[in-house]
$ cat entry20.pdb   # PDB, C-alpha atoms
ATOM      1  CA  MET A   1     126.383 118.563  97.370  1.00  0.00           C
ATOM      2  CA  ALA A   2     123.342 116.271  97.407  1.00  0.00           C
ATOM      3  CA  GLU A   3     123.517 112.835  98.948  1.00  0.00           C
ATOM      4  CA  ALA A   4     121.515 109.777  98.037  1.00  0.00           C
ATOM      5  CA  VAL A   5     119.904 107.790 100.806  1.00  0.00           C
ATOM      6  CA  GLU A   6     118.556 104.279 100.448  1.00  0.00           C
ATOM      7  CA  VAL A   7     116.257 102.669 102.977  1.00  0.00           C
ATOM      8  CA  GLU A   8     115.695  98.939 103.079  1.00  0.00           C
ATOM      9  CA  GLY A   9     113.489  96.715 105.171  1.00  0.00           C
ATOM     10  CA  GLY A  10     110.794  97.771 107.575  1.00  0.00           C
ATOM     11  CA  PRO A  11     107.042  97.526 107.141  1.00  0.00           C
ATOM     12  CA  ASN A  12     105.386  97.926 103.766  1.00  0.00           C
ATOM     13  CA  PHE A  13     103.090 100.926 104.258  1.00  0.00           C
ATOM     14  CA  VAL A  14     101.748 101.071 100.742  1.00  0.00           C
ATOM     15  CA  GLY A  15      99.986  98.098  99.190  1.00  0.00           C
ATOM     16  CA  GLU A  16      99.968  97.175  95.537  1.00  0.00           C
ATOM     17  CA  ASP A  17      98.098  99.725  93.447  1.00  0.00           C
ATOM     18  CA  THR A  18      94.956  98.123  92.011  1.00  0.00           C
ATOM     19  CA  ALA A  19      91.872  99.613  90.416  1.00  0.00           C
ATOM     20  CA  ASP A  20      88.681  99.754  92.453  1.00  0.00           C
ATOM     21  CA  SER A  21      86.146  97.400  90.939  1.00  0.00           C
ATOM     22  CA  SER A  22      83.312  99.932  91.113  1.00  0.00           C
ATOM     23  CA  GLY A  23      85.367 103.077  90.683  1.00  0.00           C
ATOM     24  CA  ASP A  24      84.123 104.154  94.123  1.00  0.00           C
ATOM     25  CA  LYS A  25      86.358 104.284  97.197  1.00  0.00           C
ATOM     26  CA  ALA A  26      83.450 102.936  99.286  1.00  0.00           C
ATOM     27  CA  GLU A  27      84.777  99.383  98.965  1.00  0.00           C
ATOM     28  CA  ILE A  28      87.982 100.450 100.681  1.00  0.00           C
ATOM     29  CA  ASP A  29      86.640 103.031 103.108  1.00  0.00           C
ATOM     30  CA  LYS A  30      83.620 101.410 104.674  1.00  0.00           C
ATOM     31  CA  ALA A  31      80.860 103.285 106.456  1.00  0.00           C
ATOM     32  CA  GLN A  32      78.559 101.292 108.686  1.00  0.00           C
ATOM     33  CA  THR A  33      76.313 101.739 111.659  1.00  0.00           C
ATOM     34  CA  ILE A  34      76.347 100.194 115.100  1.00  0.00           C
ATOM     35  CA  GLY A  35      72.812 100.589 116.333  1.00  0.00           C
ATOM     36  CA  HIS A  36      70.882 103.417 114.714  1.00  0.00           C
ATOM     37  CA  ASN A  37      72.667 106.349 116.372  1.00  0.00           C
ATOM     38  CA  VAL A  38      76.303 105.374 115.758  1.00  0.00           C
ATOM     39  CA  MET A  39      78.060 105.713 112.404  1.00  0.00           C
ATOM     40  CA  VAL A  40      81.456 104.079 111.973  1.00  0.00           C
ATOM     41  CA  TYR A  41      83.769 105.016 109.126  1.00  0.00           C
ATOM     42  CA  ARG A  42      86.754 102.732 108.670  1.00  0.00           C
ATOM     43  CA  ILE A  43      89.810 103.764 106.711  1.00  0.00           C
ATOM     44  CA  ASN A  44      92.052 101.112 105.189  1.00  0.00           C
ATOM     45  CA  ASP A  45      95.561 102.354 104.395  1.00  0.00           C
ATOM     46  CA  ALA A  46      97.563 105.518 104.865  1.00  0.00           C
ATOM     47  CA  PHE A  47      95.370 108.556 105.586  1.00  0.00           C
ATOM     48  CA  PHE A  48      96.126 111.661 103.566  1.00  0.00           C
ATOM     49  CA  PHE A  49      94.301 114.912 102.811  1.00  0.00           C
ATOM     50  CA  GLY A  50      92.155 113.446 100.003  1.00  0.00           C
ATOM     51  CA  ALA A  51      90.704 110.795 102.295  1.00  0.00           C
ATOM     52  CA  THR A  52      89.427 113.506 104.624  1.00  0.00           C
ATOM     53  CA  ALA A  53      87.382 114.939 101.759  1.00  0.00           C
ATOM     54  CA  ARG A  54      85.750 111.521 101.219  1.00  0.00           C
ATOM     55  CA  VAL A  55      84.777 111.322 104.902  1.00  0.00           C
ATOM     56  CA  SER A  56      83.261 114.817 104.703  1.00  0.00           C
ATOM     57  CA  LEU A  57      81.338 113.881 101.562  1.00  0.00           C
ATOM     58  CA  ILE A  58      79.616 111.006 103.358  1.00  0.00           C
ATOM     59  CA  LEU A  59      78.402 113.348 106.105  1.00  0.00           C
ATOM     60  CA  GLU A  60      77.188 115.925 103.584  1.00  0.00           C
ATOM     61  CA  ARG A  61      74.968 113.226 102.067  1.00  0.00           C
ATOM     62  CA  LEU A  62      73.277 112.503 105.404  1.00  0.00           C
ATOM     63  CA  ALA A  63      70.046 114.318 106.170  1.00  0.00           C
ATOM     64  CA  VAL A  64      70.681 114.056 109.915  1.00  0.00           C
ATOM     65  CA  HIS A  65      74.071 113.691 111.568  1.00  0.00           C
ATOM     66  CA  PRO A  66      74.474 110.649 113.800  1.00  0.00           C
ATOM     67  CA  LYS A  67      74.541 111.018 117.568  1.00  0.00           C
ATOM     68  CA  VAL A  68      77.981 109.351 117.584  1.00  0.00           C
ATOM     69  CA  PHE A  69      80.542 109.284 114.765  1.00  0.00           C
ATOM     70  CA  VAL A  70      83.487 106.887 114.974  1.00  0.00           C
ATOM     71  CA  LEU A  71      86.506 107.105 112.713  1.00  0.00           C
ATOM     72  CA  ASP A  72      88.168 103.684 112.842  1.00  0.00           C
ATOM     73  CA  PHE A  73      91.945 103.932 112.362  1.00  0.00           C
ATOM     74  CA  ARG A  74      92.812 100.257 113.002  1.00  0.00           C
ATOM     75  CA  ASP A  75      94.136  99.735 109.459  1.00  0.00           C
ATOM     76  CA  VAL A  76      95.863 103.119 109.176  1.00  0.00           C
ATOM     77  CA  PRO A  77      99.652 102.797 109.435  1.00  0.00           C
ATOM     78  CA  LEU A  78     100.303 106.544 109.039  1.00  0.00           C
ATOM     79  CA  ILE A  79      98.616 109.909 108.643  1.00  0.00           C
ATOM     80  CA  ASP A  80     100.011 113.166 107.334  1.00  0.00           C
ATOM     81  CA  SER A  81      99.669 116.456 109.168  1.00  0.00           C
ATOM     82  CA  THR A  82      97.522 117.974 106.407  1.00  0.00           C
ATOM     83  CA  ALA A  83      94.912 115.246 106.854  1.00  0.00           C
ATOM     84  CA  ALA A  84      95.042 115.622 110.633  1.00  0.00           C
ATOM     85  CA  HIS A  85      94.459 119.387 110.425  1.00  0.00           C
ATOM     86  CA  SER A  86      91.633 118.828 107.957  1.00  0.00           C
ATOM     87  CA  LEU A  87      90.070 116.375 110.412  1.00  0.00           C
ATOM     88  CA  ALA A  88      90.149 119.097 113.065  1.00  0.00           C
ATOM     89  CA  GLY A  89      87.780 121.210 110.970  1.00  0.00           C
ATOM     90  CA  PHE A  90      85.646 118.199 110.152  1.00  0.00           C
ATOM     91  CA  THR A  91      85.256 117.191 113.801  1.00  0.00           C
ATOM     92  CA  ALA A  92      84.447 120.787 114.780  1.00  0.00           C
ATOM     93  CA  ARG A  93      81.507 120.764 112.333  1.00  0.00           C
ATOM     94  CA  LEU A  94      80.281 117.484 113.797  1.00  0.00           C
ATOM     95  CA  ARG A  95      80.531 118.773 117.347  1.00  0.00           C
ATOM     96  CA  ARG A  96      78.561 121.916 116.434  1.00  0.00           C
ATOM     97  CA  SER A  97      75.739 119.651 115.219  1.00  0.00           C
ATOM     98  CA  GLY A  98      75.777 117.789 118.553  1.00  0.00           C
ATOM     99  CA  THR A  99      77.642 114.682 117.395  1.00  0.00           C
ATOM    100  CA  ILE A 100      80.146 113.014 119.728  1.00  0.00           C
ATOM    101  CA  VAL A 101      83.313 112.058 117.846  1.00  0.00           C
ATOM    102  CA  TYR A 102      85.471 109.025 118.616  1.00  0.00           C
ATOM    103  CA  PHE A 103      88.733 107.908 117.058  1.00  0.00           C
ATOM    104  CA  ALA A 104      89.089 104.156 117.424  1.00  0.00           C
ATOM    105  CA  ALA A 105      92.194 101.968 117.392  1.00  0.00           C
ATOM    106  CA  ALA A 106      94.656 104.706 116.410  1.00  0.00           C
ATOM    107  CA  ARG A 107      98.261 103.522 116.590  1.00  0.00           C
ATOM    108  CA  PRO A 108     100.536 105.573 118.866  1.00  0.00           C
ATOM    109  CA  SER A 109     102.272 107.252 115.905  1.00  0.00           C
ATOM    110  CA  VAL A 110      98.930 108.133 114.282  1.00  0.00           C
ATOM    111  CA  ARG A 111      97.517 109.372 117.584  1.00  0.00           C
ATOM    112  CA  ALA A 112     100.562 111.613 118.068  1.00  0.00           C
ATOM    113  CA  VAL A 113      99.976 113.335 114.705  1.00  0.00           C
ATOM    114  CA  LEU A 114      96.268 113.742 115.490  1.00  0.00           C
ATOM    115  CA  LYS A 115      96.998 115.258 118.890  1.00  0.00           C
ATOM    116  CA  ARG A 116      99.551 117.692 117.420  1.00  0.00           C
ATOM    117  CA  ALA A 117      96.739 118.898 115.144  1.00  0.00           C
ATOM    118  CA  GLY A 118      94.656 119.711 118.231  1.00  0.00           C
ATOM    119  CA  LEU A 119      92.483 116.607 118.132  1.00  0.00           C
ATOM    120  CA  THR A 120      92.287 116.044 121.870  1.00  0.00           C
ATOM    121  CA  MET A 121      89.551 115.945 124.507  1.00  0.00           C
ATOM    122  CA  PRO A 122      86.882 117.286 124.402  1.00  0.00           C
ATOM    123  CA  GLU A 123      86.952 117.575 120.593  1.00  0.00           C
ATOM    124  CA  VAL A 124      87.445 113.827 120.156  1.00  0.00           C
ATOM    125  CA  HIS A 125      87.583 110.786 122.386  1.00  0.00           C
ATOM    126  CA  TYR A 126      90.074 107.983 121.802  1.00  0.00           C
ATOM    127  CA  ILE A 127      88.847 104.413 122.232  1.00  0.00           C
ATOM    128  CA  ALA A 128      90.379 100.975 121.682  1.00  0.00           C
ATOM    129  CA  HIS A 129      87.608  99.561 119.451  1.00  0.00           C
ATOM    130  CA  ALA A 130      84.809 101.124 117.385  1.00  0.00           C
ATOM    131  CA  GLU A 131      82.229  99.070 119.267  1.00  0.00           C
ATOM    132  CA  ASP A 132      83.246 100.826 122.494  1.00  0.00           C
ATOM    133  CA  ALA A 133      81.362 103.929 121.311  1.00  0.00           C
ATOM    134  CA  LYS A 134      77.933 102.265 121.324  1.00  0.00           C
ATOM    135  CA  PRO A 135      77.145 103.013 125.003  1.00  0.00           C
ATOM    136  CA  ALA A 136      77.593 106.760 124.340  1.00  0.00           C
ATOM    137  CA  ALA A 137      74.654 106.692 121.940  1.00  0.00           C
ATOM    138  CA  GLU A 138      72.293 104.997 124.359  1.00  0.00           C
TER
END
$ encode --input "entry20.pdb" --output "structure tokens"
Amino acid sequence: MAEAVEVEGGPNFVGEDTADSSGDKAEIDKAQTIGHNVMVYRINDAFFFGATARVSLILERLAVHPKVFVLDFRDVPLIDSTAAHSLAGFTARLRRSGTIVYFAAARPSVRAVLKRAGLTMPEVHYIAHAEDAKPAAE
């Protein structure tokens, strides 16, 4: 026999659903550079498989991969295992092109999922803040 379970309280992981003003996720997932050799990609909200495809699309549009790529997780409350495994393939492609990959500000629960997907040293480096990756590019 099935049982119903109700959960109350706790953090709100999913914000109100609103339309993007431009129809492009770029307003939510921001790519920027720190110096000219470091690209930072910040994700705002839960990170699922589809978001990994958007990160890959940005790199495909670049003529030259950056020396350092930082994925900023500071606003990511959770990640699913499918996204984490997809990131493993993504980071492997970056490493083959000579790019150093950093994951910044990942919460302990997010970091645990990433590590279970094999995203550990030397594939990726974990740092407290995206700006901490700048010395690696110099």
$ closest_residue --input "entry20.pdb" --among "A:Asp75, A:Met39, A:Asp45, A:Ala137" --to "A:Ile58" --atoms "all atoms listed in the file"
A:Met39
$ resolve_selection --input "entry20.pdb" --expression "the PyMOL selection byres ((chain A and resi 104-106) around 12)" --output "number ranges by chain"
A: 40-43, 46-47, 69-79, 101-103, 107-115, 124-134
$ resolve_selection --input "entry20.pdb" --expression "the PyMOL selection byres ((chain A and resi 56) around 12)" --output "mmCIF file with C-alpha atoms, keeping the file's coordinate frame"
data_model
loop_
_atom_site.group_PDB
_atom_site.id
_atom_site.type_symbol
_atom_site.label_atom_id
_atom_site.label_comp_id
_atom_site.auth_asym_id
_atom_site.auth_seq_id
_atom_site.Cartn_x
_atom_site.Cartn_y
_atom_site.Cartn_z
ATOM 1 C CA ALA A 31 80.860 103.285 106.456
ATOM 2 C CA TYR A 41 83.769 105.016 109.126
ATOM 3 C CA PHE A 49 94.301 114.912 102.811
ATOM 4 C CA GLY A 50 92.155 113.446 100.003
ATOM 5 C CA ALA A 51 90.704 110.795 102.295
ATOM 6 C CA THR A 52 89.427 113.506 104.624
ATOM 7 C CA ALA A 53 87.382 114.939 101.759
ATOM 8 C CA ARG A 54 85.750 111.521 101.219
ATOM 9 C CA VAL A 55 84.777 111.322 104.902
ATOM 10 C CA LEU A 57 81.338 113.881 101.562
ATOM 11 C CA ILE A 58 79.616 111.006 103.358
ATOM 12 C CA LEU A 59 78.402 113.348 106.105
ATOM 13 C CA GLU A 60 77.188 115.925 103.584
ATOM 14 C CA ARG A 61 74.968 113.226 102.067
ATOM 15 C CA LEU A 62 73.277 112.503 105.404
ATOM 16 C CA HIS A 65 74.071 113.691 111.568
ATOM 17 C CA PHE A 69 80.542 109.284 114.765
ATOM 18 C CA LEU A 71 86.506 107.105 112.713
ATOM 19 C CA ALA A 83 94.912 115.246 106.854
ATOM 20 C CA SER A 86 91.633 118.828 107.957
ATOM 21 C CA LEU A 87 90.070 116.375 110.412
ATOM 22 C CA ALA A 88 90.149 119.097 113.065
ATOM 23 C CA GLY A 89 87.780 121.210 110.970
ATOM 24 C CA PHE A 90 85.646 118.199 110.152
ATOM 25 C CA THR A 91 85.256 117.191 113.801
ATOM 26 C CA ALA A 92 84.447 120.787 114.780
ATOM 27 C CA ARG A 93 81.507 120.764 112.333
ATOM 28 C CA LEU A 94 80.281 117.484 113.797
#
$ atom_distance --input "entry20.pdb" --atom1 "atom CA of A:Ser81" --atom2 "atom CA of A:Asn44"
17.6 Å
$ atom_distance --input "entry20.pdb" --atom1 "atom CA of A:Arg96" --atom2 "atom CA of A:Thr120"
15.9 Å
$ resolve_selection --input "entry20.pdb" --expression "the PyMOL selection byres ((chain A and resi 66) around 6)" --output "ChimeraX atom specification"
/A:37-38,65,67-68
$ atom_distance --input "entry20.pdb" --atom1 "atom CA of A:Val64" --atom2 "atom CA of A:Ser97"
9.2 Å
$ closest_residue --input "entry20.pdb" --among "A:His85, A:Ala63, A:Asp80, A:Phe48" --to "A:Gly118" --atoms "all atoms listed in the file"
A:His85
